[in-house]
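J.: Pasting a structure here, questions to come.
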Amino acid sequence: MRKIGVLTSGGDAPGMNAGVRAVVRAAIYRGLEVVGIRRGYAGLLDGDFKPMALESVGDIIQRGGTCLYTARCLEFLTEDGQRRGYQRLIDADVDGLVVFGGDGSFRGAQKLHNLGIKTIGVPSTIDNDIGACDANIGFDTAVQTAIEAIDKIRDTATSHERTYVIEVMGRSAGHIALSAGLAGGAESVLIPEVPYKLEDVVAKLQRGVARGKKHSIIIVAEGAGHGGEIGRYIEEHTGFDTRVTVLGHVQRGGAPSATDRVLASRLGAHSVELLVQGVSGHMAATQHGELTSVPFDEVFQSDRKPDKAVYELADILSI
Ligand code: ADP
């Protein structure tokens with residue numbers, strides 16, 4: 001192993017920069033050359049490479065987003081695109097690649113591994129839906145961002161004695177909604193993994209108001225329903241003054257939390273270590289806090305589901 005490439009792909013996640021910094025510095029520490037590949041697989045196909053020196057990753061550990069930019073690239077879904085990407089790496093003498101991203105990015109990484117490039121994935125998605133590891137980079141920050149918004153909305157909900165429906169990110173995963181719902185003391189949490197009935201949500205709201213509750217917060221993951229429609233349903237069926245806030249992309253940005261910076265730094269450096277050891281087609285991960293690696297095939301079969309006990313706890317505590 002003499003030269004490694006690093007790219008960020010798919011949805012950005014706070015902490016990707018800390019991860020890229022760790023890859024670059026751990027590689028240089030080991031005497032390797034590093035190239036940054038901009039805009040994910042799109043930049044790979046375009047040959048958008050830049051040499052990375054120690055100082056090229058200075059002052060980014062605290063920044064959200066990704067200094068390498070990210071993209072979605074349809075061409076890389078094709079065998080022809082994958083072969084062209086492989087050839088770009090061969091032409092640039094890159095013998096190892098670190099890919100920060102989610103499930104789709106790992107599938108692309110596996111294709112490069114199959115073609116013969118040593119490849120390691122680093123789980124980076126605010127959705128936290130990549131399994132076989134303790135956590136995905138960006139999730140902790142996204143939950144913190146959601147909580148800060150929920151706390152602020154709660155202040156105004158209390159003052160005006162209103163019901164608020166807050167839609168958080170998570171098209172197919174309810175992790176942000178569940179953690180933010182439990183930590184934010186929401187009355188109901190609606191996630192794609194657990195079927196729900198709006199009649200039950202309404203009945204719970206009405207029980208709370210009958211007991212003297214002055215305001216209520218409902219958290220809905222975007223994949224579990226449309227915040228606006230749920231708000232309208234609640235208002236029509238209760239007569240309660242109901243407002244809707246969609247948090248949207250604020251949850252993707254912002255300075256990464258200390259937890260995400262530590263995770264990204266450990267996984268970034270570990271991915272270099274794995275490449276040096278000749279490991280390929282694996283995801284760098286922590287399991288029970290220990291660094292390890294998991295074959296992509298295993299990762300693809302182990303998407304993380306929200307903890308049922310935590311879901312039930314959120315319900316019990318908001319009775
Ligand atoms: P994420 O990595 O956040 O899940 P995407 O699913 O959008 O994001 O994937 C990011 C990129 O990875 C895609 O635009 C595509 O270039 C590449 N990719 C996704 N799935 C595959 C696949 N099955 N084979 C090859 N490349 C893929």
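Chain lettering (A, B, ...) mirrors the order of the structure tokens, residue numbering begins at 1 for each chain separately, and ligand numbering begins at 1 in order of display.
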Within 8 Å of ligand 1, counting only C-alpha atoms and all ligand atoms: which residues, as a PyMOL selection string?
T.: chain A and resi 9-12+40-42+71-78+82+100-111+124-125
J.: Could you tell me, as a compact mmCIF listing (two decimals) with C-alpha atoms, in the first residue's frame, which residues of segment 15-218 of chain A DSSP assigns to strand (DSSP E) when given the backbone?
T.:
```txt
# COMPACT_ATOMS: atom_id res chain seq x y z
CA GLU A 33 0.43 9.34 0.01
CA VAL A 34 -3.20 10.47 0.03
CA VAL A 35 -5.46 11.91 -2.65
CA GLY A 36 -8.83 13.48 -1.96
CA ILE A 37 -11.48 12.62 -4.55
CA PHE A 49 -8.44 14.27 -7.53
CA LYS A 50 -6.30 16.48 -5.32
CA PRO A 51 -3.23 15.53 -3.32
CA GLY A 96 -6.56 1.73 -1.46
CA LEU A 97 -9.78 3.71 -1.05
CA VAL A 98 -11.73 4.95 1.97
CA VAL A 99 -15.40 5.77 1.32
CA PHE A 100 -17.44 7.79 3.82
CA GLY A 101 -21.16 7.35 3.20
CA LYS A 118 -8.73 -2.39 -1.70
CA THR A 119 -11.70 -0.56 -0.24
CA ILE A 120 -12.94 0.34 3.26
CA GLY A 121 -16.27 2.02 4.06
CA VAL A 122 -16.90 4.31 7.02
CA PRO A 123 -20.56 4.51 8.18
CA THR A 163 -50.01 21.22 19.98
CA TYR A 164 -46.95 21.01 17.75
CA VAL A 165 -46.20 18.39 15.15
CA ILE A 166 -42.48 18.37 14.39
CA GLU A 167 -41.31 16.47 11.33
CA VAL A 168 -37.73 15.25 11.54
CA SER A 188 -46.10 10.65 20.60
CA VAL A 189 -43.31 9.49 18.30
CA LEU A 190 -44.25 8.23 14.84
CA SER A 216 -48.14 18.65 23.37
CA ILE A 217 -45.35 17.71 21.01
CA ILE A 218 -45.71 15.00 18.36
```
J.: Quick one: residues within 12 Å of Gln87 of chain A, only C-alpha atoms, excluding same-chain residues fewer than 3 positions away - as a list in words?
T.: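 Here the answer would be Leu44, Leu45, Asp46, Gly47, Asp80, Gly81, Gln82, Arg83, Arg84, Ile90, Asp91, Ala92, Asp93, Val94, Asp95, Leu112, Leu115, Gly116 and Ile117 of chain A.
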J.: Write the residues of the selection above to a file with N, CA and C atoms, as a JSON list (two decimals), in the first residue's frame.
T.:
```json
[["chain", "number", "residue", "atom", "x", "y", "z"],
["A", 44, "LEU", "N", -14.87, 10.83, -8.94],
["A", 44, "LEU", "CA", -13.99, 9.70, -9.30],
["A", 44, "LEU", "C", -14.01, 9.52, -10.83],
["A", 45, "LEU", "N", -15.22, 9.54, -11.40],
["A", 45, "LEU", "CA", -15.34, 9.34, -12.85],
["A", 45, "LEU", "C", -14.74, 10.51, -13.63],
["A", 46, "ASP", "N", -14.81, 11.71, -13.04],
["A", 46, "ASP", "CA", -14.24, 12.90, -13.72],
["A", 46, "ASP", "C", -12.74, 13.05, -13.47],
["A", 47, "GLY", "N", -12.19, 12.23, -12.60],
["A", 47, "GLY", "CA", -10.77, 12.38, -12.25],
["A", 47, "GLY", "C", -10.51, 13.63, -11.42],
["A", 80, "ASP", "N", -20.24, -0.20, -16.57],
["A", 80, "ASP", "CA", -19.29, 0.60, -17.35],
["A", 80, "ASP", "C", -18.73, 1.73, -16.47],
["A", 81, "GLY", "N", -19.62, 2.39, -15.75],
["A", 81, "GLY", "CA", -19.19, 3.47, -14.85],
["A", 81, "GLY", "C", -18.22, 2.95, -13.80],
["A", 82, "GLN", "N", -18.53, 1.79, -13.24],
["A", 82, "GLN", "CA", -17.66, 1.22, -12.19],
["A", 82, "GLN", "C", -16.27, 0.88, -12.76],
["A", 83, "ARG", "N", -16.26, 0.35, -13.98],
["A", 83, "ARG", "CA", -14.96, 0.01, -14.59],
["A", 83, "ARG", "C", -14.15, 1.26, -14.87],
["A", 84, "ARG", "N", -14.87, 2.35, -15.28],
["A", 84, "ARG", "CA", -14.16, 3.61, -15.53],
["A", 84, "ARG", "C", -13.59, 4.18, -14.22],
["A", 90, "ILE", "N", -6.56, 3.23, -10.90],
["A", 90, "ILE", "CA", -5.34, 2.56, -11.37],
["A", 90, "ILE", "C", -4.41, 3.59, -12.02],
["A", 91, "ASP", "N", -4.99, 4.45, -12.88],
["A", 91, "ASP", "CA", -4.18, 5.45, -13.58],
["A", 91, "ASP", "C", -3.51, 6.41, -12.60],
["A", 92, "ALA", "N", -4.18, 6.66, -11.45],
["A", 92, "ALA", "CA", -3.60, 7.59, -10.47],
["A", 92, "ALA", "C", -2.74, 6.85, -9.44],
["A", 93, "ASP", "N", -2.49, 5.56, -9.68],
["A", 93, "ASP", "CA", -1.68, 4.73, -8.77],
["A", 93, "ASP", "C", -2.26, 4.63, -7.35],
["A", 94, "VAL", "N", -3.59, 4.74, -7.26],
["A", 94, "VAL", "CA", -4.24, 4.61, -5.95],
["A", 94, "VAL", "C", -4.47, 3.12, -5.68],
["A", 95, "ASP", "N", -3.92, 2.62, -4.58],
["A", 95, "ASP", "CA", -4.15, 1.18, -4.33],
["A", 95, "ASP", "C", -5.09, 0.89, -3.19],
["A", 112, "LEU", "N", -16.01, -1.63, -6.43],
["A", 112, "LEU", "CA", -14.58, -1.35, -6.65],
["A", 112, "LEU", "C", -13.72, -2.43, -6.01],
["A", 115, "LEU", "N", -13.62, -5.34, -8.22],
["A", 115, "LEU", "CA", -12.75, -5.12, -9.39],
["A", 115, "LEU", "C", -11.27, -5.15, -9.02],
["A", 116, "GLY", "N", -10.99, -5.12, -7.71],
["A", 116, "GLY", "CA", -9.58, -5.29, -7.30],
["A", 116, "GLY", "C", -8.95, -4.13, -6.55],
["A", 117, "ILE", "N", -9.75, -3.10, -6.25],
["A", 117, "ILE", "CA", -9.21, -1.99, -5.44],
["A", 117, "ILE", "C", -9.49, -2.29, -3.97]]
```
J.: Residues within 10 Å of segment 137-142 of chain A, please, as a PyMOL selection string. Count only C-alpha atoms; anything in the same chain fewer than 6 positions from it doesn't count.
T.: chain A and resi 12-16+18-19+64-65+100-102+122-129+148+168-169+175-176+179-180+249-265+267
J.: List every residue of segment 83-256 of chain A that DSSP, applied to the backbone of this structure, places in helix (DSSP H, G or I), and write the result as a ChimeraX atom specification.
T.: /A:83-91,103-115,139-160,175-183,198-210,222-224,227-238,248-252
J.: Between atom CA of Val244 of chain A and atom CA of Ala157 of chain A, what is the distance in Å, rounded to a tenth?
T.: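 According to the coordinates, atom CA of Val244 of chain A and atom CA of Ala157 of chain A are separated by 11.0 Å.
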J.: Please determine, counting only C-alpha atoms, which residue among A:Thr145, A:Glu187, A:Asp151, A:Arg162 has the shortest atom-to-atom distance to Arg207 of chain A.
T.: A:Glu187
J.: Using only C-alpha atoms, which residue out of A:Ala132, A:Ala26, A:Ala314, A:Val20 lies closest to Thr286 of chain A?
T.: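 So, comparing all the options, the nearest one is A:Ala132.
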J.: Any idea what's packed within 12 Å of Thr292 of chain A, counting only C-alpha atoms, ignoring anything in its chain fewer than 6 positions away? Could you give it as an NGL selection string?
T.: :A and (120 or 122 or 132-134 or 266-267 or 269-271 or 273-274 or 279 or 282-286)
J.: Export C-alpha atoms of the chosen residues as a compact mmCIF listing (two decimals), in the first residue's frame?
T.:
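What follows is the written file again.txt:
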```
# COMPACT_ATOMS: atom_id res chain seq x y z
CA ILE A 120 -12.94 0.34 3.26
CA VAL A 122 -16.90 4.31 7.02
CA ALA A 132 -23.36 -4.07 12.57
CA CYS A 133 -21.79 -1.13 14.43
CA ASP A 134 -22.46 0.98 17.49
CA ARG A 266 -11.19 6.68 15.33
CA LEU A 267 -12.88 5.14 12.27
CA ALA A 269 -7.58 6.26 11.29
CA HIS A 270 -8.73 2.64 11.65
CA SER A 271 -9.67 2.46 7.98
CA GLU A 273 -4.86 0.68 9.45
CA LEU A 274 -7.17 -1.88 7.81
CA VAL A 279 -8.28 -5.77 4.55
CA HIS A 282 -15.15 -4.18 4.82
CA MET A 283 -16.71 -1.41 6.87
CA ALA A 284 -14.65 0.11 9.67
CA ALA A 285 -16.77 0.03 12.82
CA THR A 286 -16.93 0.14 16.55
```
J.: How far is it from atom CA of Val294 of chain A to atom CA of Gly268 of chain A, in Å with one decimal?
T.: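 These two atoms are separated by 14.7 Å.
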J.: Please provide as an NGL selection string all residues within 6 Å of segment 224-226 of chain A, with the sequence filter that same-chain residues fewer than 3 positions apart are discarded (counting only C-alpha atoms).
T.: :A and (191-192 or 221 or 229)
J.: Between atom CA of Lys3 of chain A and atom CA of Ala22 of chain A, what is the spacing in Å?
T.: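 Interatomic distance here is 15.3 Å.
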J.: Find, counting only C-alpha atoms, the residue in A:Arg243, A:Glu193, A:Lys305, A:Ile4 that gets nearest to Ala27 of chain A.
T.: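 Smallest distance to Ala27 of chain A is found for A:Ile4.
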J.: Taking only C-alpha atoms into account, name the residue in A:Leu247, A:Asn114, A:Ser280, A:Gly58 that is nearest to Val143 of chain A.
T.: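 Smallest distance to Val143 of chain A is found for A:Leu247.
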